$ cat coords-v7.pdb   # PDB, C-alpha atoms
ATOM      1  CA  MET Q   1      70.351 -24.991  16.703
ATOM      2  CA  ARG Q   2      69.555 -22.860  19.735
ATOM      3  CA  GLU Q   3      67.353 -24.728  22.178
ATOM      4  CA  GLY Q   4      64.901 -23.094  24.509
ATOM      5  CA  LEU Q   5      64.638 -19.806  22.579
ATOM      6  CA  MET Q   6      60.903 -19.075  22.620
ATOM      7  CA  SER Q   7      61.127 -16.120  20.205
ATOM      8  CA  GLU Q   8      62.050 -18.533  17.399
ATOM      9  CA  MET Q   9      58.884 -20.518  18.070
ATOM     10  CA  LEU Q  10      56.528 -17.552  17.663
ATOM     11  CA  TYR Q  11      56.482 -18.221  13.901
ATOM     12  CA  ALA Q  12      56.120 -21.979  14.128
ATOM     13  CA  ASP Q  13      53.794 -22.046  11.101
ATOM     14  CA  ASP Q  14      56.315 -20.307   8.811
ATOM     15  CA  LEU Q  15      59.605 -22.032   9.595
ATOM     16  CA  VAL Q  16      61.997 -23.103   6.837
ATOM     17  CA  LEU Q  17      64.934 -25.441   7.409
ATOM     18  CA  LEU Q  18      67.700 -25.316   4.793
ATOM     19  CA  SER Q  19      70.434 -27.861   4.266
ATOM     20  CA  GLU Q  20      72.775 -28.974   1.498
ATOM     21  CA  SER Q  21      72.011 -32.666   2.070
ATOM     22  CA  MET Q  22      69.061 -34.774   3.129
ATOM     23  CA  GLU Q  23      71.037 -36.077   6.102
ATOM     24  CA  GLY Q  24      71.653 -32.544   7.376
ATOM     25  CA  LEU Q  25      68.001 -31.661   6.891
ATOM     26  CA  ARG Q  26      66.932 -34.770   8.792
ATOM     27  CA  GLU Q  27      69.223 -33.823  11.685
ATOM     28  CA  LYS Q  28      67.883 -30.251  11.839
ATOM     29  CA  PHE Q  29      64.297 -31.437  11.683
ATOM     30  CA  GLY Q  30      64.876 -33.875  14.525
ATOM     31  CA  LYS Q  31      66.334 -31.144  16.754
ATOM     32  CA  TRP Q  32      63.491 -28.732  16.051
ATOM     33  CA  LYS Q  33      60.865 -31.422  16.582
ATOM     34  CA  GLU Q  34      62.439 -32.381  19.911
ATOM     35  CA  SER Q  35      62.612 -28.723  21.056
ATOM     36  CA  PHE Q  36      58.970 -28.142  20.115
ATOM     37  CA  GLU Q  37      57.811 -31.185  22.029
ATOM     38  CA  LYS Q  38      59.708 -30.018  25.144
ATOM     39  CA  LYS Q  39      57.638 -26.805  25.066
ATOM     40  CA  GLY Q  40      54.363 -28.663  24.621
ATOM     41  CA  LEU Q  41      54.082 -27.986  20.872
ATOM     42  CA  LYS Q  42      53.439 -30.567  18.204
ATOM     43  CA  VAL Q  43      54.704 -30.674  14.614
ATOM     44  CA  LYS Q  44      51.903 -31.473  12.168
ATOM     45  CA  LEU Q  45      53.541 -33.796   9.667
ATOM     46  CA  GLY Q  46      50.666 -33.444   7.200
ATOM     47  CA  LYS Q  47      51.592 -29.797   6.601
ATOM     48  CA  THR Q  48      55.353 -30.382   6.622
ATOM     49  CA  LYS Q  49      56.835 -30.739   3.134
ATOM     50  CA  VAL Q  50      60.272 -31.356   1.631
ATOM     51  CA  LEU Q  51      61.342 -29.463  -1.492
ATOM     52  CA  VAL Q  52      64.534 -30.407  -3.352
ATOM     53  CA  SER Q  53      66.017 -27.386  -5.127
ATOM     54  CA  GLY Q  54      66.806 -27.795  -8.808
ATOM     55  CA  ALA Q  55      64.422 -30.681  -9.454
ATOM     56  CA  GLY Q  56      61.192 -28.920 -10.318
ATOM     57  CA  PRO Q  57      58.950 -28.993 -13.391
ATOM     58  CA  GLY Q  58      60.533 -27.704 -16.542
ATOM     59  CA  SER Q  59      63.902 -29.415 -16.023
ATOM     60  CA  SER Q  60      65.359 -31.441 -18.861
ATOM     61  CA  VAL Q  61      64.414 -35.075 -18.267
ATOM     62  CA  SER Q  62      66.268 -37.826 -20.062
ATOM     63  CA  LYS Q  63      64.081 -40.469 -21.706
ATOM     64  CA  VAL Q  64      66.791 -43.122 -21.343
ATOM     65  CA  ASP Q  65      67.244 -44.277 -17.736
ATOM     66  CA  PRO Q  66      66.906 -40.838 -16.082
ATOM     67  CA  CYS Q  67      68.516 -40.291 -12.701
ATOM     68  CA  GLY Q  68      65.977 -40.252  -9.889
ATOM     69  CA  VAL Q  69      67.510 -37.078  -8.430
ATOM     70  CA  CYS Q  70      68.805 -34.832 -11.258
ATOM     71  CA  GLU Q  71      66.683 -36.515 -14.017
ATOM     72  CA  LYS Q  72      69.617 -36.713 -16.434
ATOM     73  CA  ARG Q  73      70.787 -39.830 -18.234
ATOM     74  CA  VAL Q  74      72.802 -42.152 -16.041
ATOM     75  CA  MET Q  75      76.108 -43.536 -17.297
ATOM     76  CA  ARG Q  76      78.811 -45.280 -15.318
ATOM     77  CA  ASN Q  77      79.152 -45.196 -11.539
ATOM     78  CA  SER Q  78      75.386 -45.365 -10.945
ATOM     79  CA  VAL Q  79      73.394 -47.334  -8.408
ATOM     80  CA  LEU Q  80      69.814 -48.630  -8.414
ATOM     81  CA  CYS Q  81      67.542 -47.479  -5.602
ATOM     82  CA  THR Q  82      65.883 -50.472  -3.933
ATOM     83  CA  SER Q  83      62.893 -48.350  -2.876
ATOM     84  CA  CYS Q  84      61.786 -46.440  -6.001
ATOM     85  CA  GLY Q  85      63.611 -48.568  -8.592
ATOM     86  CA  LYS Q  86      65.366 -45.600 -10.241
ATOM     87  CA  TRP Q  87      69.022 -45.272 -11.164
ATOM     88  CA  ILE Q  88      70.999 -42.674  -9.206
ATOM     89  CA  HIS Q  89      74.274 -41.020 -10.200
ATOM     90  CA  GLY Q  90      77.140 -41.631  -7.831
ATOM     91  CA  LYS Q  91      77.544 -37.878  -7.319
ATOM     92  CA  CYS Q  92      73.811 -37.559  -6.561
ATOM     93  CA  ALA Q  93      74.178 -40.352  -4.014
ATOM     94  CA  ASN Q  94      77.169 -38.539  -2.438
ATOM     95  CA  VAL Q  95      79.523 -41.465  -3.045
ATOM     96  CA  GLU Q  96      82.754 -41.455  -5.026
ATOM     97  CA  ARG Q  97      82.501 -45.070  -6.150
ATOM     98  CA  VAL Q  98      79.541 -47.428  -6.293
ATOM     99  CA  THR Q  99      80.318 -50.832  -4.767
ATOM    100  CA  GLU Q 100      78.352 -54.078  -4.564
ATOM    101  CA  ALA Q 101      77.871 -53.621  -0.820
ATOM    102  CA  LEU Q 102      76.317 -50.201  -1.406
ATOM    103  CA  ALA Q 103      74.049 -51.409  -4.220
ATOM    104  CA  ARG Q 104      72.728 -54.296  -2.132
ATOM    105  CA  ASP Q 105      70.449 -52.133   0.052
ATOM    106  CA  PHE Q 106      70.832 -48.609  -1.353
ATOM    107  CA  ILE Q 107      67.991 -46.090  -0.854
ATOM    108  CA  CYS Q 108      68.218 -42.698  -2.565
ATOM    109  CA  GLY Q 109      67.897 -39.368  -0.772
ATOM    110  CA  ARG Q 110      64.372 -38.730  -2.042
ATOM    111  CA  CYS Q 111      63.118 -41.993  -0.618
ATOM    112  CA  GLN Q 112      64.934 -41.379   2.663
ATOM    113  CA  ASN Q 113      62.562 -38.640   3.723
ATOM    114  CA  LEU Q 114      62.696 -36.991   7.103
ATOM    115  CA  VAL Q 115      60.028 -39.408   8.229
ATOM    116  CA  GLU Q 116      57.702 -41.620   6.254
ATOM    117  CA  GLU Q 117      54.788 -39.202   6.621
ATOM    118  CA  VAL Q 118      56.630 -36.174   5.166
ATOM    119  CA  GLU Q 119      55.945 -35.684   1.468
ATOM    120  CA  THR Q 120      58.467 -34.473  -1.119
ATOM    121  CA  VAL Q 121      56.912 -31.835  -3.390
ATOM    122  CA  LYS Q 122      58.041 -29.738  -6.357
ATOM    123  CA  VAL Q 123      55.734 -26.755  -5.669
ATOM    124  CA  PHE Q 124      55.015 -25.259  -2.255
ATOM    125  CA  CYS Q 125      53.005 -22.245  -1.089
ATOM    126  CA  TYR Q 126      55.014 -20.274   1.478
ATOM    127  CA  LEU Q 127      53.684 -17.004   2.943
ATOM    128  CA  GLY Q 128      51.199 -16.682   0.083
ATOM    129  CA  ASP Q 129      53.833 -17.118  -2.624
ATOM    130  CA  MET Q 130      54.366 -20.228  -4.739
ATOM    131  CA  VAL Q 131      57.904 -21.625  -4.555
ATOM    132  CA  LEU Q 132      59.093 -23.982  -7.308
ATOM    133  CA  ALA Q 133      61.974 -26.395  -7.005
ATOM    134  CA  ASN Q 134      63.489 -25.105 -10.269
ATOM    135  CA  GLY Q 135      63.509 -21.512  -8.972
ATOM    136  CA  ARG Q 136      61.170 -20.060 -11.606
ATOM    137  CA  CYS Q 137      58.177 -17.853 -10.877
ATOM    138  CA  GLU Q 138      55.599 -19.074 -13.388
ATOM    139  CA  ALA Q 139      53.503 -20.811 -10.720
ATOM    140  CA  ALA Q 140      53.683 -17.728  -8.477
ATOM    141  CA  VAL Q 141      52.566 -15.396 -11.293
ATOM    142  CA  THR Q 142      49.715 -17.732 -12.243
ATOM    143  CA  ALA Q 143      48.566 -17.971  -8.635
ATOM    144  CA  ARG Q 144      48.628 -14.185  -8.171
ATOM    145  CA  ALA Q 145      46.650 -13.733 -11.409
ATOM    146  CA  ARG Q 146      43.979 -16.021  -9.984
ATOM    147  CA  PHE Q 147      43.933 -14.050  -6.727
ATOM    148  CA  GLY Q 148      43.531 -10.919  -8.826
ATOM    149  CA  TRP Q 149      40.432 -12.379 -10.450
ATOM    150  CA  VAL Q 150      39.062 -13.256  -7.005
ATOM    151  CA  LYS Q 151      39.411  -9.628  -5.897
ATOM    152  CA  PHE Q 152      38.026  -8.416  -9.202
ATOM    153  CA  LYS Q 153      34.890 -10.538  -8.772
ATOM    154  CA  GLU Q 154      34.472  -9.332  -5.189
ATOM    155  CA  CYS Q 155      34.335  -5.767  -6.547
ATOM    156  CA  GLY Q 156      32.517  -6.876  -9.700
ATOM    157  CA  GLU Q 157      29.327  -4.932  -8.982
ATOM    158  CA  LEU Q 158      31.296  -1.684  -9.138
ATOM    159  CA  LEU Q 159      33.955  -2.613 -11.699
ATOM    160  CA  ARG Q 160      31.458  -4.055 -14.193
ATOM    161  CA  GLY Q 161      28.606  -1.677 -13.464
ATOM    162  CA  ARG Q 162      27.734   0.812 -16.212
ATOM    163  CA  ARG Q 163      26.418   3.494 -13.892
ATOM    164  CA  PHE Q 164      29.826   4.114 -12.260
ATOM    165  CA  PRO Q 165      32.420   6.448 -13.834
ATOM    166  CA  LEU Q 166      35.581   4.961 -15.313
ATOM    167  CA  LYS Q 167      37.826   7.058 -13.044
ATOM    168  CA  LEU Q 168      36.220   5.487  -9.976
ATOM    169  CA  LYS Q 169      36.727   2.021 -11.437
ATOM    170  CA  GLU Q 170      40.386   2.786 -12.026
ATOM    171  CA  LYS Q 171      40.870   3.864  -8.409
ATOM    172  CA  VAL Q 172      39.188   0.732  -7.052
ATOM    173  CA  TYR Q 173      41.169  -1.476  -9.434
ATOM    174  CA  ARG Q 174      44.456   0.199  -8.498
ATOM    175  CA  SER Q 175      43.692  -0.049  -4.758
ATOM    176  CA  CYS Q 176      42.167  -3.542  -4.479
ATOM    177  CA  VAL Q 177      42.990  -5.701  -7.507
ATOM    178  CA  ARG Q 178      46.528  -4.744  -8.516
ATOM    179  CA  PRO Q 179      48.055  -5.220  -5.039
ATOM    180  CA  ALA Q 180      46.673  -8.769  -4.985
ATOM    181  CA  MET Q 181      48.198  -9.488  -8.396
ATOM    182  CA  LEU Q 182      51.611  -8.029  -7.548
ATOM    183  CA  TYR Q 183      52.040  -9.524  -4.074
ATOM    184  CA  GLY Q 184      55.552 -10.949  -3.912
ATOM    185  CA  SER Q 185      56.561  -9.497  -7.296
ATOM    186  CA  GLU Q 186      59.684  -7.954  -5.751
ATOM    187  CA  THR Q 187      61.486 -11.294  -6.108
ATOM    188  CA  TRP Q 188      60.086 -12.427  -9.462
ATOM    189  CA  CYS Q 189      62.518 -13.096 -12.296
ATOM    190  CA  LEU Q 190      60.113 -12.349 -15.129
ATOM    191  CA  ARG Q 191      60.473 -13.979 -18.495
ATOM    192  CA  GLU Q 192      58.270 -13.229 -21.486
ATOM    193  CA  ARG Q 193      55.959 -16.086 -20.518
ATOM    194  CA  GLU Q 194      55.263 -14.672 -17.055
ATOM    195  CA  MET Q 195      54.862 -11.134 -18.390
ATOM    196  CA  ALA Q 196      52.342 -12.445 -20.918
ATOM    197  CA  ILE Q 197      50.276 -13.952 -18.080
ATOM    198  CA  LEU Q 198      50.106 -10.598 -16.293
ATOM    199  CA  ARG Q 199      49.424  -8.771 -19.560
ATOM    200  CA  ARG Q 200      46.547 -11.037 -20.594
ATOM    201  CA  THR Q 201      44.982 -10.879 -17.149
ATOM    202  CA  GLU Q 202      44.991  -7.095 -16.982
ATOM    203  CA  ARG Q 203      43.745  -6.704 -20.541
ATOM    204  CA  ALA Q 204      40.749  -8.900 -19.778
ATOM    205  CA  MET Q 205      39.993  -6.872 -16.650
ATOM    206  CA  VAL Q 206      40.341  -3.582 -18.524
ATOM    207  CA  ARG Q 207      37.903  -4.755 -21.200
ATOM    208  CA  ALA Q 208      35.442  -5.808 -18.499
ATOM    209  CA  MET Q 209      35.658  -2.394 -16.784
ATOM    210  CA  CYS Q 210      35.176  -0.559 -20.075
ATOM    211  CA  GLY Q 211      32.285  -2.787 -21.116
ATOM    212  CA  VAL Q 212      33.813  -3.988 -24.405
ATOM    213  CA  ASN Q 213      34.817  -7.385 -25.741
ATOM    214  CA  LEU Q 214      37.327  -8.747 -28.214
ATOM    215  CA  PHE Q 215      34.926  -8.391 -31.137
ATOM    216  CA  ASP Q 216      34.884  -4.597 -30.653
ATOM    217  CA  LYS Q 217      38.595  -4.557 -31.655
ATOM    218  CA  LYS Q 218      39.579  -1.785 -29.264
ATOM    219  CA  ARG Q 219      43.273  -1.178 -28.656
ATOM    220  CA  ASP Q 220      44.518  -1.844 -25.145
ATOM    221  CA  GLU Q 221      46.286   1.524 -25.022
ATOM    222  CA  ASP Q 222      43.025   3.311 -25.836
ATOM    223  CA  LEU Q 223      41.085   1.434 -23.170
ATOM    224  CA  ARG Q 224      43.713   2.111 -20.515
ATOM    225  CA  GLY Q 225      43.707   5.746 -21.575
ATOM    226  CA  MET Q 226      39.941   5.875 -20.955
ATOM    227  CA  LEU Q 227      40.559   4.597 -17.414
ATOM    228  CA  GLY Q 228      43.563   6.831 -16.842
ATOM    229  CA  MET Q 229      45.949   3.893 -16.363
ATOM    230  CA  GLU Q 230      49.323   5.049 -17.636
ATOM    231  CA  VAL Q 231      51.434   2.193 -16.216
ATOM    232  CA  SER Q 232      50.857  -1.465 -17.074
ATOM    233  CA  VAL Q 233      51.011  -4.272 -14.548
ATOM    234  CA  GLU Q 234      54.180  -5.852 -15.982
ATOM    235  CA  GLN Q 235      56.005  -2.505 -15.729
ATOM    236  CA  LEU Q 236      54.967  -2.225 -12.088
ATOM    237  CA  ALA Q 237      56.264  -5.748 -11.420
ATOM    238  CA  GLU Q 238      59.680  -4.794 -12.831
ATOM    239  CA  ALA Q 239      59.671  -1.554 -10.821
ATOM    240  CA  ASN Q 240      58.908  -3.487  -7.631
ATOM    241  CA  GLY Q 241      62.000  -5.604  -8.233
ATOM    242  CA  VAL Q 242      64.173  -2.486  -8.584
ATOM    243  CA  ARG Q 243      62.638  -0.981  -5.451
ATOM    244  CA  TRP Q 244      63.437  -4.114  -3.436
ATOM    245  CA  TYR Q 245      66.935  -4.170  -4.959
ATOM    246  CA  GLY Q 246      67.537  -0.756  -3.390
ATOM    247  CA  HIS Q 247      66.438  -2.036   0.023
ATOM    248  CA  VAL Q 248      68.877  -4.947  -0.232
ATOM    249  CA  LEU Q 249      71.771  -2.687  -1.272
ATOM    250  CA  ARG Q 250      71.179  -0.479   1.767
ATOM    251  CA  ARG Q 251      71.692  -3.438   4.104
ATOM    252  CA  ASP Q 252      74.993  -4.088   5.848
ATOM    253  CA  GLY Q 253      77.492  -6.374   4.167
ATOM    254  CA  ASP Q 254      76.995  -9.161   6.747
ATOM    255  CA  HIS Q 255      73.185  -9.122   6.481
ATOM    256  CA  ALA Q 256      71.537 -12.316   5.216
ATOM    257  CA  LEU Q 257      69.912 -10.524   2.257
ATOM    258  CA  ARG Q 258      73.190  -8.932   1.203
ATOM    259  CA  ARG Q 259      75.043 -12.237   1.476
ATOM    260  CA  ALA Q 260      72.382 -13.958  -0.610
ATOM    261  CA  LEU Q 261      72.642 -11.226  -3.263
ATOM    262  CA  GLU Q 262      76.410 -11.563  -3.546
ATOM    263  CA  PHE Q 263      76.483 -15.352  -3.265
ATOM    264  CA  GLN Q 264      78.569 -17.048  -5.964
ATOM    265  CA  VAL Q 265      77.728 -20.565  -7.139
ATOM    266  CA  ASN Q 266      80.811 -22.722  -7.605
ATOM    267  CA  GLY Q 267      81.263 -25.232 -10.397
ATOM    268  CA  ALA Q 268      80.820 -25.291 -14.161
ATOM    269  CA  ARG Q 269      77.449 -24.304 -15.553
ATOM    270  CA  LYS Q 270      75.576 -26.189 -18.236
ATOM    271  CA  ARG Q 271      75.966 -25.701 -21.961
ATOM    272  CA  GLY Q 272      74.064 -22.898 -23.643
ATOM    273  CA  GLY Q 273      73.449 -19.293 -22.789
ATOM    274  CA  PRO Q 274      73.292 -18.240 -19.133
ATOM    275  CA  LYS Q 275      69.835 -18.179 -17.585
ATOM    276  CA  MET Q 276      68.288 -14.901 -16.593
ATOM    277  CA  THR Q 277      68.501 -14.391 -12.848
ATOM    278  CA  TRP Q 278      66.785 -11.879 -10.595
ATOM    279  CA  LYS Q 279      70.060 -10.065  -9.982
ATOM    280  CA  ARG Q 280      70.787  -9.702 -13.699
ATOM    281  CA  GLN Q 281      67.238  -8.543 -14.325
ATOM    282  CA  VAL Q 282      67.290  -5.715 -11.787
ATOM    283  CA  GLU Q 283      70.813  -4.697 -12.804
ATOM    284  CA  GLU Q 284      69.705  -4.351 -16.432
ATOM    285  CA  GLU Q 285      66.665  -2.304 -15.407
ATOM    286  CA  THR Q 286      68.766   0.021 -13.263
ATOM    287  CA  GLN Q 287      71.254   0.513 -16.101
ATOM    288  CA  LYS Q 288      68.447   1.490 -18.471
ATOM    289  CA  VAL Q 289      67.435   4.374 -16.204
ATOM    290  CA  GLY Q 290      70.989   5.345 -15.265
ATOM    291  CA  LEU Q 291      71.036   4.094 -11.674
ATOM    292  CA  ARG Q 292      74.185   2.832  -9.981
ATOM    293  CA  LYS Q 293      74.685   0.809  -6.820
ATOM    294  CA  GLU Q 294      76.023   3.903  -5.069
ATOM    295  CA  ASP Q 295      72.673   5.643  -5.683
ATOM    296  CA  ALA Q 296      70.889   3.236  -3.326
ATOM    297  CA  SER Q 297      71.910   5.397  -0.351
ATOM    298  CA  ASN Q 298      70.130   8.344  -1.980
ATOM    299  CA  ARG Q 299      66.503   7.370  -1.471
ATOM    300  CA  VAL Q 300      65.130  10.306  -3.464
ATOM    301  CA  ARG Q 301      67.155   9.464  -6.554
ATOM    302  CA  TRP Q 302      66.437   5.747  -6.256
ATOM    303  CA  ARG Q 303      62.728   6.499  -5.960
ATOM    304  CA  GLU Q 304      62.936   8.524  -9.163
ATOM    305  CA  GLY Q 305      64.605   5.576 -10.844
ATOM    306  CA  VAL Q 306      61.842   3.233  -9.712
ATOM    307  CA  ARG Q 307      59.236   5.578 -11.176
ATOM    308  CA  ALA Q 308      61.232   5.735 -14.398
ATOM    309  CA  VAL Q 309      61.242   1.936 -14.638
ATOM    310  CA  ALA Q 310      57.478   1.872 -14.090
ATOM    311  CA  ASP Q 311      56.935   4.555 -16.732
ATOM    312  CA  GLY Q 312      59.224   2.833 -19.231
ATOM    313  CA  VAL Q 313      61.656   5.771 -19.300
ATOM    314  CA  ARG Q 314      65.149   4.816 -20.454
ATOM    315  CA  ARG Q 315      67.094   7.530 -18.664
ATOM    316  CA  ILE Q 316      66.616   9.881 -15.720
ATOM    317  CA  ARG Q 317      68.483  13.056 -14.971
ATOM    318  CA  PRO Q 318      72.094  12.580 -13.836
ATOM    319  CA  PRO Q 319      72.948  13.120 -10.169
ATOM    320  CA  PRO Q 320      74.066  16.642  -9.228
TER     321      PRO Q 320
END
$ encode --input "coords-v7.pdb" --output "structure tokens"
Amino acid sequence: MREGLMSEMLYADDLVLLSESMEGLREKFGKWKESFEKKGLKVKLGKTKVLVSGAGPGSSVSKVDPCGVCEKRVMRNSVLCTSCGKWIHGKCANVERVTEALARDFICGRCQNLVEEVETVKVFCYLGDMVLANGRCEAAVTARARFGWVKFKECGELLRGRRFPLKLKEKVYRSCVRPAMLYGSETWCLREREMAILRRTERAMVRAMCGVNLFDKKRDEDLRGMLGMEVSVEQLAEANGVRWYGHVLRRDGDHALRRALEFQVNGARKRGGPKMTWKRQVEEETQKVGLRKEDASNRVRWREGVRAVADGVRRIRPPP
């Protein structure tokens, strides 16, 4: 914590405090709050939220005495929270052994918020992007699809009008609607479910621009060909991830983005196949088009690879 540094307070509405424990987060929050008040600023507790990573919607919840933190079944060495009435694993309570003295007045980390007014949430909107506690991007993709419809309706007189040429509609759609749908897509780890959301949204917009409906039974490829749209929205989302991957690789080794990319999680993972991560996703896409990490310094070649990902090409020409 660096006190008295006014440049860090210029973005007071977009600050994020990270900590591995609730106690550390409470200490950081107290220092920031005290520094703000010394400069005449005030922290609005109604807008301040707490998000616990790894405890979002979609996690496996045990139906038999689930832990109040990790939501798995509790066994031995567990303690009952006197505030919420839920059982907590000893490891989730950061204690090696549960004793009677601890269980007498124990309060779990979720109940011990920063202050009573601060709410613990599982979904949070940060800089226009939806952040989930479980790390997935389904809420972000759904939110951007809704923003896309908002922009589409704002331009609805032109996009739905029959007196305007289809080429003009395609230009307006590509300039105004698609950027709203793909905002923040550089960091999305897209599964089939998220790609289906983008695909359905664009297909509905394409049908509206062409003036057809589902009963006309027109193929999506034919309708996009009428508009001159060669690249689909899900392909552009994957290409944006590869483009951002190149920016990260060009950073210095001690940069925060580079350290986050190469960060290794310690400990044993859960049973089953490994989950798809953003790093694995972009690495697979770059391998399909023949890009290597060393090519990131060559902006021209990396740009060709990004276009190849967007076009669905499996291989680009080898480097000279």
$ atom_distance --input "coords-v7.pdb" --atom1 "atom CA of Q:Thr120" --atom2 "atom CA of Q:Ala93"
17.0 Å
$ resolve_selection --input "coords-v7.pdb" --expression "the PyMOL selection byres ((chain Q and resi 228-230) around 9)" --output "list in words"
Leu166, Lys167, Glu170, Arg174, Glu221, Leu223, Arg224, Gly225, Met226, Leu227, Val231, Ser232 and Asp311 of chain Q
$ closest_residue --input "coords-v7.pdb" --among "Q:Leu236, Q:Tyr183, Q:Ala196, Q:Lys153" --to "Q:Met209" --atoms "all atoms listed in the file"
Q:Lys153
$ residues_around --input "coords-v7.pdb" --residues "Q:Arg193" --least-positions-apart "5" --cutoff "10 Å" --atoms "only C-alpha atoms" --output "JSON, numbers by chain"
{"Q": [138, 141, 198, 199]}
$ residues_around --input "coords-v7.pdb" --residues "Q:Cys189" --least-positions-apart "6" --cutoff "8 Å" --atoms "all atoms listed in the file" --output "VMD selection string"
chain Q and resid 136 to 137 276 to 278 281
$ write_last_selection --input "coords-v7.pdb" --atoms "C-alpha atoms" --output "PDB file, in the coordinates of the input"
ATOM      1  CA  ARG Q 136      61.170 -20.060 -11.606  1.00  0.00           C
ATOM      2  CA  CYS Q 137      58.177 -17.853 -10.877  1.00  0.00           C
ATOM      3  CA  MET Q 276      68.288 -14.901 -16.593  1.00  0.00           C
ATOM      4  CA  THR Q 277      68.501 -14.391 -12.848  1.00  0.00           C
ATOM      5  CA  TRP Q 278      66.785 -11.879 -10.595  1.00  0.00           C
ATOM      6  CA  GLN Q 281      67.238  -8.543 -14.325  1.00  0.00           C
TER       7      GLN Q 281
END
$ closest_residue --input "coords-v7.pdb" --among "Q:Thr286, Q:Thr48, Q:Ser35, Q:Asn240" --to "Q:Asp14" --atoms "only C-alpha atoms"
Q:Thr48
$ closest_residue --input "coords-v7.pdb" --among "Q:Ala256, Q:Val98, Q:Trp87, Q:Val118" --to "Q:Arg26" --atoms "all atoms listed in the file"
Q:Val118
$ atom_distance --input "coords-v7.pdb" --atom1 "atom CA of Q:Val248" --atom2 "atom CA of Q:Ala260"
9.7 Å
$ closest_residue --input "coords-v7.pdb" --among "Q:Leu190, Q:Cys155, Q:Val74, Q:Leu51" --to "Q:Leu17" --atoms "only C-alpha atoms"
Q:Leu51
$ closest_residue --input "coords-v7.pdb" --among "Q:Arg104, Q:Lys49, Q:Lys217, Q:His247" --to "Q:Val306" --atoms "all atoms listed in the file"
Q:His247
$ closest_residue --input "coords-v7.pdb" --among "Q:Glu194, Q:Gly305, Q:Val95, Q:Asp216" --to "Q:Ala139" --atoms "only C-alpha atoms"
Q:Glu194
$ residues_near_point --input "coords-v7.pdb" --point "(52.0, -25.2, -4.9)" --cutoff "12 Å" --atoms "all atoms listed in the file" --output "number ranges by chain"
Q: 49, 51, 56-57, 120-133, 137-144
$ decode --input "coords-v7.pdb" --residues "stretch 268-272 of chain Q" --atoms "all heavy atoms" --output "short mmCIF file (atom, residue, chain, number, x, y, z; two decimals), in the first residue's frame"
data_model
loop_
_atom_site.label_atom_id
_atom_site.label_comp_id
_atom_site.auth_asym_id
_atom_site.auth_seq_id
_atom_site.Cartn_x
_atom_site.Cartn_y
_atom_site.Cartn_z
N ALA Q 268 -3.18 -30.55 -6.33
CA ALA Q 268 -3.79 -31.56 -7.19
C ALA Q 268 -5.13 -31.06 -7.72
O ALA Q 268 -5.90 -30.43 -7.00
CB ALA Q 268 -3.99 -32.86 -6.41
N ARG Q 269 -5.38 -31.32 -9.00
CA ARG Q 269 -6.65 -30.91 -9.57
C ARG Q 269 -7.70 -32.00 -9.34
O ARG Q 269 -7.39 -33.12 -8.93
CB ARG Q 269 -6.50 -30.63 -11.07
CG ARG Q 269 -6.18 -31.83 -11.92
CD ARG Q 269 -6.18 -31.47 -13.39
NE ARG Q 269 -5.85 -32.59 -14.24
CZ ARG Q 269 -6.74 -33.49 -14.64
NH1 ARG Q 269 -8.00 -33.37 -14.25
NH2 ARG Q 269 -6.38 -34.50 -15.41
N LYS Q 270 -8.94 -31.66 -9.63
CA LYS Q 270 -10.04 -32.57 -9.39
C LYS Q 270 -10.04 -33.71 -10.39
O LYS Q 270 -9.36 -33.68 -11.41
CB LYS Q 270 -11.37 -31.80 -9.47
CG LYS Q 270 -11.49 -30.67 -8.46
CD LYS Q 270 -12.80 -29.94 -8.63
CE LYS Q 270 -12.92 -28.79 -7.67
NZ LYS Q 270 -14.20 -28.04 -7.84
N ARG Q 271 -10.86 -34.72 -10.08
CA ARG Q 271 -10.99 -35.86 -10.98
C ARG Q 271 -11.67 -35.43 -12.28
O ARG Q 271 -12.45 -34.49 -12.32
CB ARG Q 271 -11.80 -36.97 -10.31
CG ARG Q 271 -11.12 -37.58 -9.09
CD ARG Q 271 -12.04 -38.56 -8.40
NE ARG Q 271 -12.48 -39.62 -9.31
CZ ARG Q 271 -13.36 -40.56 -8.98
NH1 ARG Q 271 -13.90 -40.56 -7.77
NH2 ARG Q 271 -13.69 -41.50 -9.84
N GLY Q 272 -11.40 -36.20 -13.33
CA GLY Q 272 -11.99 -35.89 -14.63
C GLY Q 272 -11.00 -35.21 -15.55
O GLY Q 272 -9.85 -34.94 -15.19
#
